[in-house]
>>> print(open('query.txt').read())   # compact mmCIF, C-alpha atoms and all ligand atoms
# COMPACT_ATOMS: atom_id res chain seq x y z
CA MET A 1065 102.76 -35.75 -83.16
CA SER A 1066 103.86 -32.38 -81.88
CA LEU A 1067 103.66 -29.33 -84.09
CA PRO A 1068 106.93 -27.70 -85.21
CA PRO A 1069 107.77 -24.72 -83.01
CA GLN A 1070 106.21 -21.46 -84.10
CA ASP A 1071 108.58 -18.88 -85.59
CA ILE A 1072 108.75 -16.00 -83.11
CA ARG A 1073 109.04 -13.55 -86.01
CA ASN A 1074 105.42 -14.28 -86.85
CA TYR A 1075 104.43 -12.42 -83.69
CA SER A 1076 103.51 -8.75 -83.76
CA PHE A 1077 104.68 -6.64 -80.80
CA GLU A 1078 101.19 -6.82 -79.34
CA GLU A 1079 101.20 -10.59 -79.65
CA LEU A 1080 104.67 -10.84 -78.10
CA THR A 1081 103.61 -8.65 -75.20
CA ALA A 1082 100.47 -10.73 -74.70
CA TYR A 1083 102.54 -13.91 -74.76
CA PHE A 1084 104.95 -12.69 -72.08
CA GLU A 1085 102.09 -11.55 -69.89
CA SER A 1086 100.38 -14.91 -70.35
CA ILE A 1087 103.43 -16.70 -68.89
CA GLY A 1088 103.69 -14.29 -65.99
CA GLU A 1089 106.54 -12.20 -67.39
CA LYS A 1090 106.74 -8.43 -67.55
CA ALA A 1091 105.58 -6.77 -70.77
CA PHE A 1092 108.98 -5.13 -71.30
CA ARG A 1093 110.42 -8.55 -72.15
CA ALA A 1094 108.79 -8.12 -75.57
CA GLN A 1095 110.83 -4.98 -76.13
CA GLN A 1096 114.05 -6.64 -75.00
CA MET A 1097 113.46 -9.57 -77.27
CA ALA A 1098 112.58 -7.41 -80.29
CA GLU A 1099 115.81 -5.55 -79.78
CA TRP A 1100 117.83 -8.77 -79.88
CA ILE A 1101 116.07 -10.07 -82.96
CA TYR A 1102 115.62 -6.96 -85.07
CA LYS A 1103 118.31 -4.56 -83.90
CA LYS A 1104 121.17 -6.79 -82.79
CA GLY A 1105 120.34 -9.53 -85.29
CA VAL A 1106 120.90 -12.59 -83.10
CA TRP A 1107 119.78 -16.00 -84.37
CA SER A 1108 119.19 -17.78 -81.06
CA PHE A 1109 117.50 -17.19 -77.72
CA ASP A 1110 120.69 -18.18 -75.87
CA GLN A 1111 122.30 -14.94 -76.97
CA MET A 1112 119.63 -12.78 -75.31
CA LEU A 1113 121.73 -12.09 -72.27
CA ASN A 1114 119.37 -9.76 -70.45
CA LEU A 1115 116.67 -12.44 -70.32
CA PRO A 1116 116.79 -14.86 -67.36
CA GLU A 1117 118.29 -18.24 -68.21
CA GLN A 1118 115.06 -20.09 -67.46
CA LEU A 1119 113.11 -17.87 -69.79
CA ARG A 1120 115.67 -18.34 -72.56
CA GLN A 1121 115.31 -22.08 -72.19
CA LYS A 1122 111.55 -21.86 -72.31
CA LEU A 1123 111.69 -19.72 -75.44
CA SER A 1124 114.16 -22.09 -77.12
CA ALA A 1125 111.86 -25.01 -76.40
CA ASN A 1126 108.77 -23.32 -77.75
CA PHE A 1127 109.89 -21.06 -80.56
CA ASN A 1128 112.10 -20.97 -83.58
CA LEU A 1129 114.48 -18.12 -84.40
CA LYS A 1130 116.76 -19.83 -86.85
CA PRO A 1131 118.24 -18.24 -89.95
CA LEU A 1132 117.14 -19.31 -93.42
CA VAL A 1133 119.34 -21.83 -95.20
CA ILE A 1134 121.44 -20.08 -97.82
CA ALA A 1135 121.23 -22.30 -100.92
CA ALA A 1136 123.23 -19.89 -103.08
CA LYS A 1137 124.88 -16.52 -102.73
CA GLN A 1138 126.26 -14.62 -105.68
CA VAL A 1139 128.14 -11.35 -105.58
CA ALA A 1140 128.34 -9.19 -108.70
CA LYS A 1141 131.19 -6.82 -109.55
CA ASP A 1142 129.06 -3.87 -108.46
CA HIS A 1143 128.61 -5.69 -105.08
CA THR A 1144 124.97 -6.47 -105.74
CA THR A 1145 124.53 -9.64 -103.70
CA LYS A 1146 121.85 -12.13 -104.47
CA PHE A 1147 120.69 -14.79 -102.03
CA LEU A 1148 118.68 -17.88 -102.74
CA PHE A 1149 117.17 -19.26 -99.54
CA ASP A 1150 115.68 -22.69 -98.89
CA LEU A 1151 112.49 -22.63 -96.86
CA ASP A 1152 111.35 -25.44 -94.55
CA ASP A 1153 109.10 -27.04 -97.18
CA ARG A 1154 111.70 -27.12 -99.99
CA GLU A 1155 110.38 -23.94 -101.52
CA THR A 1156 112.98 -21.31 -102.33
CA VAL A 1157 113.01 -17.50 -102.31
CA GLU A 1158 115.37 -14.83 -103.53
CA SER A 1159 116.49 -11.61 -101.88
CA VAL A 1160 118.97 -9.07 -103.15
CA LEU A 1161 121.26 -6.53 -101.48
CA ILE A 1162 121.75 -3.55 -103.78
CA PRO A 1163 124.41 -1.08 -102.62
CA THR A 1164 124.68 2.21 -104.51
CA ALA A 1165 126.71 5.32 -103.80
CA THR A 1166 123.91 6.90 -101.82
CA ARG A 1167 121.96 4.07 -100.23
CA THR A 1168 121.74 0.36 -99.51
CA THR A 1169 118.57 -1.38 -100.56
CA ALA A 1170 117.12 -4.82 -99.90
CA CYS A 1171 114.88 -6.35 -102.55
CA ILE A 1172 112.56 -8.80 -100.82
CA SER A 1173 110.23 -11.57 -102.02
CA THR A 1174 106.69 -11.96 -100.74
CA GLN A 1175 105.55 -15.24 -102.31
CA ALA A 1176 107.13 -18.52 -103.41
CA GLY A 1177 106.53 -18.31 -107.16
CA CYS A 1178 104.05 -15.98 -108.80
CA LYS A 1179 100.50 -16.34 -110.17
CA PHE A 1180 100.55 -13.45 -112.54
CA GLY A 1181 102.63 -14.75 -115.46
CA CYS A 1182 103.91 -11.46 -116.90
CA ARG A 1183 105.36 -12.19 -120.33
CA PHE A 1184 108.86 -10.93 -119.56
CA CYS A 1185 109.39 -12.03 -115.97
CA ALA A 1186 111.13 -15.21 -114.83
CA SER A 1187 109.19 -15.34 -111.54
CA GLY A 1188 105.97 -16.54 -113.11
CA ILE A 1189 107.44 -19.31 -115.25
CA GLY A 1190 107.22 -22.05 -112.62
CA GLY A 1191 103.82 -20.91 -111.33
CA TRP A 1192 102.80 -20.03 -107.79
CA SER A 1193 103.35 -22.15 -104.69
CA ARG A 1194 102.32 -20.17 -101.62
CA ASN A 1195 102.39 -16.96 -99.65
CA LEU A 1196 105.44 -16.33 -97.51
CA THR A 1197 104.79 -15.98 -93.80
CA CYS A 1198 105.50 -12.75 -91.96
CA ALA A 1199 108.56 -14.48 -90.44
CA GLU A 1200 109.88 -15.54 -93.84
CA ILE A 1201 109.56 -11.98 -95.12
CA LEU A 1202 111.29 -10.53 -92.04
CA THR A 1203 114.05 -13.13 -92.02
CA GLN A 1204 115.03 -12.22 -95.59
CA VAL A 1205 115.38 -8.62 -94.40
CA LEU A 1206 117.49 -9.72 -91.43
CA HIS A 1207 119.88 -11.65 -93.66
CA VAL A 1208 120.30 -8.80 -96.12
CA LYS A 1209 120.76 -6.37 -93.24
CA GLU A 1210 123.47 -8.61 -91.76
CA GLU A 1211 125.25 -8.74 -95.12
CA ALA A 1212 124.99 -4.95 -95.50
CA LEU A 1213 126.51 -4.44 -92.05
CA LYS A 1214 129.43 -6.72 -92.94
CA HIS A 1215 130.24 -4.15 -95.61
CA LYS A 1216 129.62 -1.30 -93.16
CA ARG A 1217 126.68 -0.16 -95.26
CA PRO A 1218 123.63 0.04 -93.03
CA LEU A 1219 120.43 -1.01 -94.73
CA CYS A 1220 118.20 2.00 -95.33
CA ASN A 1221 115.75 1.00 -98.04
CA ILE A 1222 113.39 -1.91 -98.66
CA VAL A 1223 111.69 -2.67 -101.94
CA PHE A 1224 109.14 -5.44 -102.27
CA MET A 1225 110.16 -6.22 -105.82
CA GLY A 1226 111.35 -9.78 -105.42
CA THR A 1227 109.37 -12.84 -106.40
CA GLY A 1228 105.59 -12.72 -106.03
CA GLU A 1229 102.92 -10.08 -105.71
CA PRO A 1230 103.08 -8.20 -102.40
CA LEU A 1231 99.46 -7.05 -102.45
CA ASP A 1232 98.33 -10.65 -102.98
CA ASN A 1233 99.85 -11.44 -99.57
CA PHE A 1234 98.46 -8.35 -97.89
CA ASP A 1235 98.11 -9.46 -94.25
CA ASN A 1236 101.53 -11.09 -93.85
CA LEU A 1237 103.17 -8.25 -95.75
CA PHE A 1238 101.67 -5.57 -93.51
CA LYS A 1239 102.43 -7.47 -90.36
CA ALA A 1240 106.07 -7.59 -91.53
CA ILE A 1241 106.08 -3.95 -92.63
CA LYS A 1242 104.91 -2.84 -89.18
CA ILE A 1243 107.97 -4.50 -87.65
CA ILE A 1244 110.32 -3.25 -90.39
CA ASN A 1245 109.01 0.26 -89.85
CA SER A 1246 108.79 0.33 -86.06
CA HIS A 1247 111.48 1.89 -83.85
CA GLN A 1248 111.30 -1.23 -81.73
CA GLY A 1249 111.88 -3.34 -84.83
CA ILE A 1250 114.17 -2.82 -87.79
CA GLY A 1251 113.44 0.91 -87.79
CA ILE A 1252 113.27 1.76 -91.49
CA GLY A 1253 111.08 4.77 -92.24
CA ALA A 1254 107.91 4.19 -94.26
CA ARG A 1255 109.14 6.54 -96.97
CA HIS A 1256 112.03 4.13 -97.48
CA ILE A 1257 109.75 1.15 -98.03
CA THR A 1258 108.38 0.54 -101.52
CA ILE A 1259 105.64 -1.86 -102.49
CA SER A 1260 105.57 -2.75 -106.15
CA THR A 1261 102.37 -4.22 -107.60
CA VAL A 1262 101.07 -5.63 -110.86
CA GLY A 1263 98.06 -3.39 -110.25
CA LEU A 1264 95.52 -5.17 -108.04
CA VAL A 1265 92.91 -2.41 -108.05
CA PRO A 1266 90.92 -3.37 -104.90
CA LYS A 1267 94.14 -3.75 -102.91
CA ILE A 1268 95.45 -0.38 -104.07
CA LYS A 1269 92.19 1.13 -102.79
CA GLU A 1270 92.63 -0.67 -99.48
CA LEU A 1271 96.20 0.57 -99.27
CA ALA A 1272 95.06 4.16 -99.78
CA LYS A 1273 92.94 3.83 -96.63
CA GLN A 1274 95.85 2.59 -94.49
CA ASN A 1275 97.23 6.09 -94.17
CA LEU A 1276 100.85 4.99 -94.38
CA GLN A 1277 103.71 6.97 -95.86
CA ILE A 1278 104.80 3.97 -97.91
CA GLU A 1279 105.97 4.36 -101.50
CA LEU A 1280 103.79 2.70 -104.11
CA ALA A 1281 105.17 1.53 -107.44
CA ILE A 1282 102.91 0.26 -110.20
CA SER A 1283 104.27 -2.20 -112.75
CA LEU A 1284 102.65 -0.65 -115.79
CA HIS A 1285 104.79 -1.99 -118.63
CA GLY A 1286 102.05 -1.63 -121.26
CA TYR A 1287 101.25 1.70 -122.91
CA ASP A 1288 97.56 0.97 -123.55
CA ASN A 1289 94.99 -1.70 -122.84
CA ALA A 1290 95.89 -3.98 -125.74
CA SER A 1291 99.65 -3.94 -125.15
CA ARG A 1292 99.20 -4.45 -121.43
CA ASN A 1293 96.83 -7.38 -122.05
CA VAL A 1294 99.61 -9.12 -123.94
CA LEU A 1295 102.44 -8.36 -121.52
CA MET A 1296 100.52 -8.70 -118.26
CA PRO A 1297 97.56 -11.11 -118.21
CA VAL A 1298 96.31 -9.46 -114.97
CA ASN A 1299 95.24 -6.53 -117.15
CA LYS A 1300 92.25 -8.60 -118.32
CA LYS A 1301 90.95 -8.47 -114.75
CA TYR A 1302 91.98 -4.90 -113.94
CA PRO A 1303 92.19 -3.05 -117.26
CA PHE A 1304 94.59 -0.24 -118.05
CA ASP A 1305 92.08 2.63 -117.74
CA GLU A 1306 90.68 1.37 -114.45
CA LEU A 1307 94.21 1.05 -113.07
CA ILE A 1308 95.16 4.58 -114.10
CA ARG A 1309 91.90 5.88 -112.60
CA THR A 1310 92.62 4.07 -109.34
CA CYS A 1311 96.12 5.57 -109.29
CA ARG A 1312 94.72 9.06 -109.76
CA GLU A 1313 92.38 8.48 -106.80
CA TYR A 1314 95.23 7.04 -104.72
CA ALA A 1315 97.39 10.09 -105.37
CA ARG A 1316 94.52 12.41 -104.51
CA GLU A 1317 93.54 10.59 -101.31
CA THR A 1318 97.04 10.01 -99.99
CA LYS A 1319 98.74 13.10 -101.45
CA ARG A 1320 101.54 10.78 -102.42
CA GLN A 1321 103.20 10.46 -105.77
CA ILE A 1322 103.19 7.08 -107.47
CA THR A 1323 106.12 5.61 -109.37
CA PHE A 1324 105.27 3.74 -112.55
CA GLU A 1325 107.62 1.02 -113.72
CA TYR A 1326 107.83 0.57 -117.43
CA ILE A 1327 109.92 -2.09 -119.10
CA LEU A 1328 111.82 -1.14 -122.24
CA ILE A 1329 111.55 -3.94 -124.81
CA LYS A 1330 112.84 -3.35 -128.31
CA ASP A 1331 110.06 -2.70 -130.85
CA VAL A 1332 107.41 -3.63 -128.26
CA THR A 1333 107.27 -1.00 -125.52
CA CYS A 1334 110.09 1.33 -126.63
CA THR A 1335 108.40 2.99 -129.62
CA GLU A 1336 107.06 6.40 -130.65
CA ASN A 1337 103.55 4.94 -130.69
CA ALA A 1338 104.00 4.01 -127.02
CA VAL A 1339 105.16 7.56 -126.25
CA GLN A 1340 101.97 8.97 -127.80
CA CYS A 1341 99.73 6.55 -125.90
CA LEU A 1342 101.44 7.25 -122.58
CA ARG A 1343 101.19 10.97 -123.23
CA LYS A 1344 97.42 10.66 -123.53
CA ALA A 1345 97.02 8.30 -120.57
CA PHE A 1346 99.16 10.38 -118.21
CA LYS A 1347 97.75 13.79 -118.99
CA GLY A 1348 97.53 15.70 -115.72
CA ILE A 1349 99.11 12.98 -113.60
CA ILE A 1350 102.16 13.99 -111.62
CA CYS A 1351 104.31 10.90 -111.32
CA LYS A 1352 107.70 9.41 -111.81
CA MET A 1353 108.27 6.89 -114.54
CA ASN A 1354 111.02 4.37 -113.93
CA LEU A 1355 112.15 2.96 -117.26
CA ILE A 1356 113.63 -0.51 -116.85
CA PRO A 1357 115.76 -1.98 -119.62
CA TYR A 1358 114.53 -5.51 -120.34
CA ASN A 1359 116.89 -8.05 -118.80
CA PRO A 1360 116.86 -11.08 -121.10
CA VAL A 1361 115.13 -14.23 -119.85
CA SER A 1362 115.70 -17.21 -122.15
CA GLU A 1363 112.03 -18.28 -122.16
CA PHE A 1364 111.00 -15.03 -123.86
CA GLU A 1365 112.00 -13.73 -127.25
CA HIS A 1366 112.20 -10.04 -126.37
CA LYS A 1367 115.26 -7.91 -126.97
CA THR A 1368 116.69 -5.00 -125.03
CA PRO A 1369 116.67 -1.71 -126.99
CA SER A 1370 119.96 0.06 -127.67
CA GLN A 1371 121.07 2.77 -125.24
CA ALA A 1372 120.28 5.39 -127.88
CA GLU A 1373 116.74 4.05 -128.38
CA MET A 1374 116.11 4.09 -124.65
CA GLU A 1375 117.41 7.64 -124.27
CA THR A 1376 115.24 8.83 -127.15
CA PHE A 1377 112.22 7.23 -125.49
CA LYS A 1378 113.01 8.88 -122.18
CA ASN A 1379 113.56 12.28 -123.80
CA ARG A 1380 110.29 12.05 -125.71
CA LEU A 1381 108.40 11.34 -122.48
CA GLU A 1382 110.12 14.27 -120.79
CA GLU A 1383 109.12 16.55 -123.67
CA PHE A 1384 105.54 15.71 -122.82
CA GLY A 1385 106.01 16.43 -119.14
CA ILE A 1386 106.37 12.85 -117.94
CA HIS A 1387 109.30 12.73 -115.56
CA ALA A 1388 111.28 9.62 -116.51
CA THR A 1389 114.55 8.01 -115.48
CA ILE A 1390 116.25 4.96 -116.93
CA ARG A 1391 117.08 2.49 -114.19
CA SER A 1392 120.67 1.37 -114.49
CA PRO A 1393 120.78 -2.40 -114.47
CA ARG A 1394 122.60 -3.83 -111.47
CA GLY A 1395 123.93 -7.27 -110.77
CA ARG A 1396 123.16 -8.55 -114.25
CA GLU A 1397 125.72 -11.32 -114.14
CA VAL A 1398 124.12 -12.73 -110.99
CA GLY A 1399 120.71 -12.85 -112.64
CA ALA A 1400 119.34 -10.18 -110.37
CA ALA A 1401 116.20 -9.59 -112.43
CA CYS A 1402 113.18 -11.04 -110.74
CA GLY A 1403 113.08 -14.77 -110.29
CA GLN A 1404 116.08 -15.53 -112.42
CA LEU A 1405 118.20 -17.20 -109.78
CA ARG A 1406 115.33 -19.19 -108.32
CA HIS A 1407 114.30 -20.33 -111.77
CA ALA A 1408 117.84 -21.36 -112.70
CA HIS A 1409 118.02 -23.62 -109.62
CA LYS A 1410 114.86 -25.63 -110.40
N1 LIG A 1501 104.59 -8.41 -108.52
C1 LIG A 1501 105.15 -7.13 -108.23
C2 LIG A 1501 106.47 -7.23 -107.55
C3 LIG A 1501 107.55 -7.85 -108.39
S1 LIG A 1501 108.54 -6.59 -108.98
C4 LIG A 1501 105.22 -6.28 -109.48
O1 LIG A 1501 105.00 -6.81 -110.56
O2 LIG A 1501 105.42 -5.09 -109.38
C5 LIG A 1501 108.72 -7.06 -110.55
C6 LIG A 1501 109.52 -6.04 -111.29
O3 LIG A 1501 110.65 -6.72 -111.82
C7 LIG A 1501 108.74 -5.53 -112.48
O4 LIG A 1501 108.21 -4.29 -112.27
C8 LIG A 1501 109.80 -5.42 -113.51
O5 LIG A 1501 110.22 -4.11 -113.50
C9 LIG A 1501 110.95 -6.22 -113.06
N2 LIG A 1501 111.24 -7.29 -114.01
C10 LIG A 1501 110.72 -8.51 -114.10
N3 LIG A 1501 111.24 -9.19 -115.11
C11 LIG A 1501 112.14 -8.37 -115.69
C12 LIG A 1501 113.02 -8.48 -116.79
N4 LIG A 1501 113.08 -9.58 -117.51
N5 LIG A 1501 113.80 -7.43 -117.09
C13 LIG A 1501 113.76 -6.30 -116.35
N6 LIG A 1501 112.95 -6.13 -115.30
C14 LIG A 1501 112.15 -7.15 -114.98
>>> encode(input="query.txt", output="structure tokens", more="lines below")
Ligand code: SAH
Amino acid sequence: MSLPPQDIRNYSFEELTAYFESIGEKAFRAQQMAEWIYKKGVWSFDQMLNLPEQLRQKLSANFNLKPLVIAAKQVAKDHTTKFLFDLDDRETVESVLIPTATRTTACISTQAGCKFGCRFCASGIGGWSRNLTCAEILTQVLHVKEEALKHKRPLCNIVFMGTGEPLDNFDNLFKAIKIINSHQGIGIGARHITISTVGLVPKIKELAKQNLQIELAISLHGYDNASRNVLMPVNKKYPFDELIRTCREYARETKRQITFEYILIKDVTCTENAVQCLRKAFKGIICKMNLIPYNPVSEFEHKTPSQAEMETFKNRLEEFGIHATIRSPRGREVGAACGQLRHAHK
């Protein structure tokens, strides 16, 4: 039995170059090919007109460059567009195009399912299946980019806030990020790429050493150890204080500010007690706090606070010097909160 052809998007530039050299081709073929795939967005080798016909045939026979199968596509009134893609092994992943007045963002998944079971997130409900490959990560970006271009809104921002935990798929993620970031690839600046994590302490330390200009967002969601234990089981492994300490070190080592994501759940996280705890925990930390109104998921009993409650919470944090913004919910009617579309299609 022959193996299915390898997806060419799993190859780094170095690997592509080495491949072309190994078949007696010039190294610049790698550059030409990357341009077709990542800049011009073609989905087949036949379209790569500056490659000799014979080479195109060889590539078609040996590699795969096909698009993902779009299982569902939903467009919200605010033009937020959510894709559900089928993968080759019947797994599915979600990606979202989020256009705002100032920028166009792609929200990308890194795993099929999620291991971490946060008690407000739809992604963890069906458990974890597997890591996405580098090619599967990049292909989501290519689809969202294509959609953005249809609307004449070039893609300028990537957030790894889709299904799964990016830092739990470190190698494939960084292979993909290199191509997303490179001028030869998709060409999105590191400062426009955000990795969001549940707070895997050893991986955050590893990330600090990479010396990249990438944005780091921490899903905090709890205001102290006990509340975070309940909302995010991962806190039992990497407790609140250790996480905050690691973030302080990260900020010091990288000289980069961290964004903390904090979900606003009525009577749970959106309280004066929470304000006081956060005030203590964040003393002396310069950061941004992104307050995210809870988007209801039927499996959980939480409620979204009123607008007035959320504003009070934000203002109280600001009074204590914690810079906070309330994220305006987008694409609600297309279930654009993490994992909702994928979960609904099970
Ligand atoms: N595993 C990573 C990447 C996923 S991003 C992480 O946890 O950071 C997940 C983000 O989606 C969370 O930070 C949270 O802000 C958001 N989210 C998940 N479920 C939500 C819900 N029901 N309502 C609002 N935001 C939600």
>>> residues_near_ligand(input="query.txt", ligand="ligand LIG 1501 (chain A)", cutoff="9 Å", atoms="only C-alpha atoms and all ligand atoms", output="PDB file with C-alpha atoms, in the coordinates of the input")
ATOM      1  CA  SER A1173     110.230 -11.570-102.020  1.00  0.00           C
ATOM      2  CA  THR A1174     106.690 -11.960-100.740  1.00  0.00           C
ATOM      3  CA  CYS A1178     104.050 -15.980-108.800  1.00  0.00           C
ATOM      4  CA  PHE A1180     100.550 -13.450-112.540  1.00  0.00           C
ATOM      5  CA  CYS A1182     103.910 -11.460-116.900  1.00  0.00           C
ATOM      6  CA  ARG A1183     105.360 -12.190-120.330  1.00  0.00           C
ATOM      7  CA  PHE A1184     108.860 -10.930-119.560  1.00  0.00           C
ATOM      8  CA  CYS A1185     109.390 -12.030-115.970  1.00  0.00           C
ATOM      9  CA  ALA A1186     111.130 -15.210-114.830  1.00  0.00           C
ATOM     10  CA  SER A1187     109.190 -15.340-111.540  1.00  0.00           C
ATOM     11  CA  VAL A1223     111.690  -2.670-101.940  1.00  0.00           C
ATOM     12  CA  PHE A1224     109.140  -5.440-102.270  1.00  0.00           C
ATOM     13  CA  MET A1225     110.160  -6.220-105.820  1.00  0.00           C
ATOM     14  CA  GLY A1226     111.350  -9.780-105.420  1.00  0.00           C
ATOM     15  CA  THR A1227     109.370 -12.840-106.400  1.00  0.00           C
ATOM     16  CA  GLY A1228     105.590 -12.720-106.030  1.00  0.00           C
ATOM     17  CA  GLU A1229     102.920 -10.080-105.710  1.00  0.00           C
ATOM     18  CA  PRO A1230     103.080  -8.200-102.400  1.00  0.00           C
ATOM     19  CA  LEU A1231      99.460  -7.050-102.450  1.00  0.00           C
ATOM     20  CA  ASP A1232      98.330 -10.650-102.980  1.00  0.00           C
ATOM     21  CA  ILE A1259     105.640  -1.860-102.490  1.00  0.00           C
ATOM     22  CA  SER A1260     105.570  -2.750-106.150  1.00  0.00           C
ATOM     23  CA  THR A1261     102.370  -4.220-107.600  1.00  0.00           C
ATOM     24  CA  VAL A1262     101.070  -5.630-110.860  1.00  0.00           C
ATOM     25  CA  GLY A1263      98.060  -3.390-110.250  1.00  0.00           C
ATOM     26  CA  ALA A1281     105.170   1.530-107.440  1.00  0.00           C
ATOM     27  CA  ILE A1282     102.910   0.260-110.200  1.00  0.00           C
ATOM     28  CA  SER A1283     104.270  -2.200-112.750  1.00  0.00           C
ATOM     29  CA  LEU A1284     102.650  -0.650-115.790  1.00  0.00           C
ATOM     30  CA  HIS A1285     104.790  -1.990-118.630  1.00  0.00           C
ATOM     31  CA  PHE A1324     105.270   3.740-112.550  1.00  0.00           C
ATOM     32  CA  GLU A1325     107.620   1.020-113.720  1.00  0.00           C
ATOM     33  CA  TYR A1326     107.830   0.570-117.430  1.00  0.00           C
ATOM     34  CA  ILE A1327     109.920  -2.090-119.100  1.00  0.00           C
ATOM     35  CA  LEU A1328     111.820  -1.140-122.240  1.00  0.00           C
ATOM     36  CA  ILE A1329     111.550  -3.940-124.810  1.00  0.00           C
ATOM     37  CA  ASN A1354     111.020   4.370-113.930  1.00  0.00           C
ATOM     38  CA  LEU A1355     112.150   2.960-117.260  1.00  0.00           C
ATOM     39  CA  ILE A1356     113.630  -0.510-116.850  1.00  0.00           C
ATOM     40  CA  PRO A1357     115.760  -1.980-119.620  1.00  0.00           C
ATOM     41  CA  TYR A1358     114.530  -5.510-120.340  1.00  0.00           C
ATOM     42  CA  ASN A1359     116.890  -8.050-118.800  1.00  0.00           C
ATOM     43  CA  PRO A1360     116.860 -11.080-121.100  1.00  0.00           C
ATOM     44  CA  VAL A1361     115.130 -14.230-119.850  1.00  0.00           C
ATOM     45  CA  PHE A1364     111.000 -15.030-123.860  1.00  0.00           C
ATOM     46  CA  HIS A1366     112.200 -10.040-126.370  1.00  0.00           C
ATOM     47  CA  THR A1368     116.690  -5.000-125.030  1.00  0.00           C
ATOM     48  CA  PRO A1393     120.780  -2.400-114.470  1.00  0.00           C
ATOM     49  CA  ALA A1401     116.200  -9.590-112.430  1.00  0.00           C
ATOM     50  CA  CYS A1402     113.180 -11.040-110.740  1.00  0.00           C
ATOM     51  CA  GLY A1403     113.080 -14.770-110.290  1.00  0.00           C
ATOM     52  CA  GLN A1404     116.080 -15.530-112.420  1.00  0.00           C
TER      53      GLN A1404
END
>>> axis_aligned_box(input="query.txt", around="range 1338-1350 of chain A", padding_each_side="6 Å", output="lines of an AutoDock Vina configuration file")
center_x = 101.1
center_y = 9.9
center_z = -119.7
size_x = 20.1
size_y = 23.7
size_z = 28.2
>>> residues_around(input="query.txt", residues="Pro1163 in chain A", least_positions_apart="6", cutoff="8 Å", atoms="all atoms listed in the file", output="PyMOL selection string")
chain A and resi 1142-1144+1169+1217
>>> residues_around(input="query.txt", residues="Ala1082 in chain A", least_positions_apart="6", cutoff="12 Å", atoms="all atoms listed in the file", output="list in words")
Tyr1075, Ser1076, Gly1088, Glu1089, Lys1090, Ala1091, Phe1092, Arg1093, Ala1094 and Gln1095 of chain A
>>> closest_atom_pairs(input="query.txt", of="range 1065-1135 of chain A", to="range 1239-1250 of chain A", cutoff="10 Å", atoms="only C-alpha atoms", output="JSON lines")
{"residue": "A:Arg1073", "atom": "CA", "partner": "A:Ala1240", "partner_atom": "CA", "distance": 8.6}
{"residue": "A:Asn1074", "atom": "CA", "partner": "A:Ala1240", "partner_atom": "CA", "distance": 8.2}
{"residue": "A:Tyr1075", "atom": "CA", "partner": "A:Lys1239", "partner_atom": "CA", "distance": 8.5}
{"residue": "A:Ser1076", "atom": "CA", "partner": "A:Lys1239", "partner_atom": "CA", "distance": 6.8}
{"residue": "A:Phe1077", "atom": "CA", "partner": "A:Ile1243", "partner_atom": "CA", "distance": 7.9}
{"residue": "A:Ala1094", "atom": "CA", "partner": "A:Gln1248", "partner_atom": "CA", "distance": 9.6}
{"residue": "A:Gln1095", "atom": "CA", "partner": "A:Gln1248", "partner_atom": "CA", "distance": 6.8}
{"residue": "A:Gln1096", "atom": "CA", "partner": "A:Gln1248", "partner_atom": "CA", "distance": 9.1}
{"residue": "A:Met1097", "atom": "CA", "partner": "A:Gln1248", "partner_atom": "CA", "distance": 9.7}
{"residue": "A:Ala1098", "atom": "CA", "partner": "A:Gly1249", "partner_atom": "CA", "distance": 6.1}
{"residue": "A:Glu1099", "atom": "CA", "partner": "A:Gln1248", "partner_atom": "CA", "distance": 6.5}
{"residue": "A:Trp1100", "atom": "CA", "partner": "A:Gly1249", "partner_atom": "CA", "distance": 9.5}
{"residue": "A:Ile1101", "atom": "CA", "partner": "A:Gly1249", "partner_atom": "CA", "distance": 8.1}
{"residue": "A:Tyr1102", "atom": "CA", "partner": "A:Ile1250", "partner_atom": "CA", "distance": 5.2}
{"residue": "A:Lys1103", "atom": "CA", "partner": "A:Ile1250", "partner_atom": "CA", "distance": 5.9}
{"residue": "A:Lys1104", "atom": "CA", "partner": "A:Ile1250", "partner_atom": "CA", "distance": 9.5}
{"residue": "A:Gly1105", "atom": "CA", "partner": "A:Ile1250", "partner_atom": "CA", "distance": 9.5}
>>> residues_around(input="query.txt", residues="Ile1268 in chain A", least_positions_apart="4", cutoff="8 Å", atoms="all atoms listed in the file", output="list in words")
Leu1231, Gly1263, Leu1264, Ala1272, Thr1310, Cys1311 and Tyr1314 of chain A
>>> closest_residue(input="query.txt", among="A:Glu1363, A:Thr1166, A:Asp1153, A:Lys1378", to="Gly1188 in chain A", atoms="only C-alpha atoms")
A:Glu1363
>>> atom_distance(input="query.txt", atom1="CA of Leu1148 in chain A", atom2="CA of Ile1172 in chain A")
11.1 Å
>>> residues_around(input="query.txt", residues="Gln1321 in chain A", least_positions_apart="4", cutoff="7 Å", atoms="all atoms listed in the file", output="PyMOL selection string")
chain A and resi 1315+1350-1351
>>> residues_near_point(input="query.txt", point="(120.0, -4.0, -103.2)", cutoff="10 Å", atoms="all atoms listed in the file", output="JSON, numbers by chain")
{"A": [1143, 1144, 1145, 1146, 1159, 1160, 1161, 1162, 1163, 1164, 1167, 1168, 1169, 1170, 1171, 1172, 1208, 1212, 1219, 1221, 1222, 1223, 1394, 1395, 1400]}
>>> atom_distance(input="query.txt", atom1="CA of Ile1189 in chain A", atom2="CA of Ile1201 in chain A")
21.5 Å
>>> closest_residue(input="query.txt", among="A:Leu1271, A:Asp1110, A:Arg1255, A:Cys1334", to="Ala1372 in chain A", atoms="all atoms listed in the file")
A:Cys1334
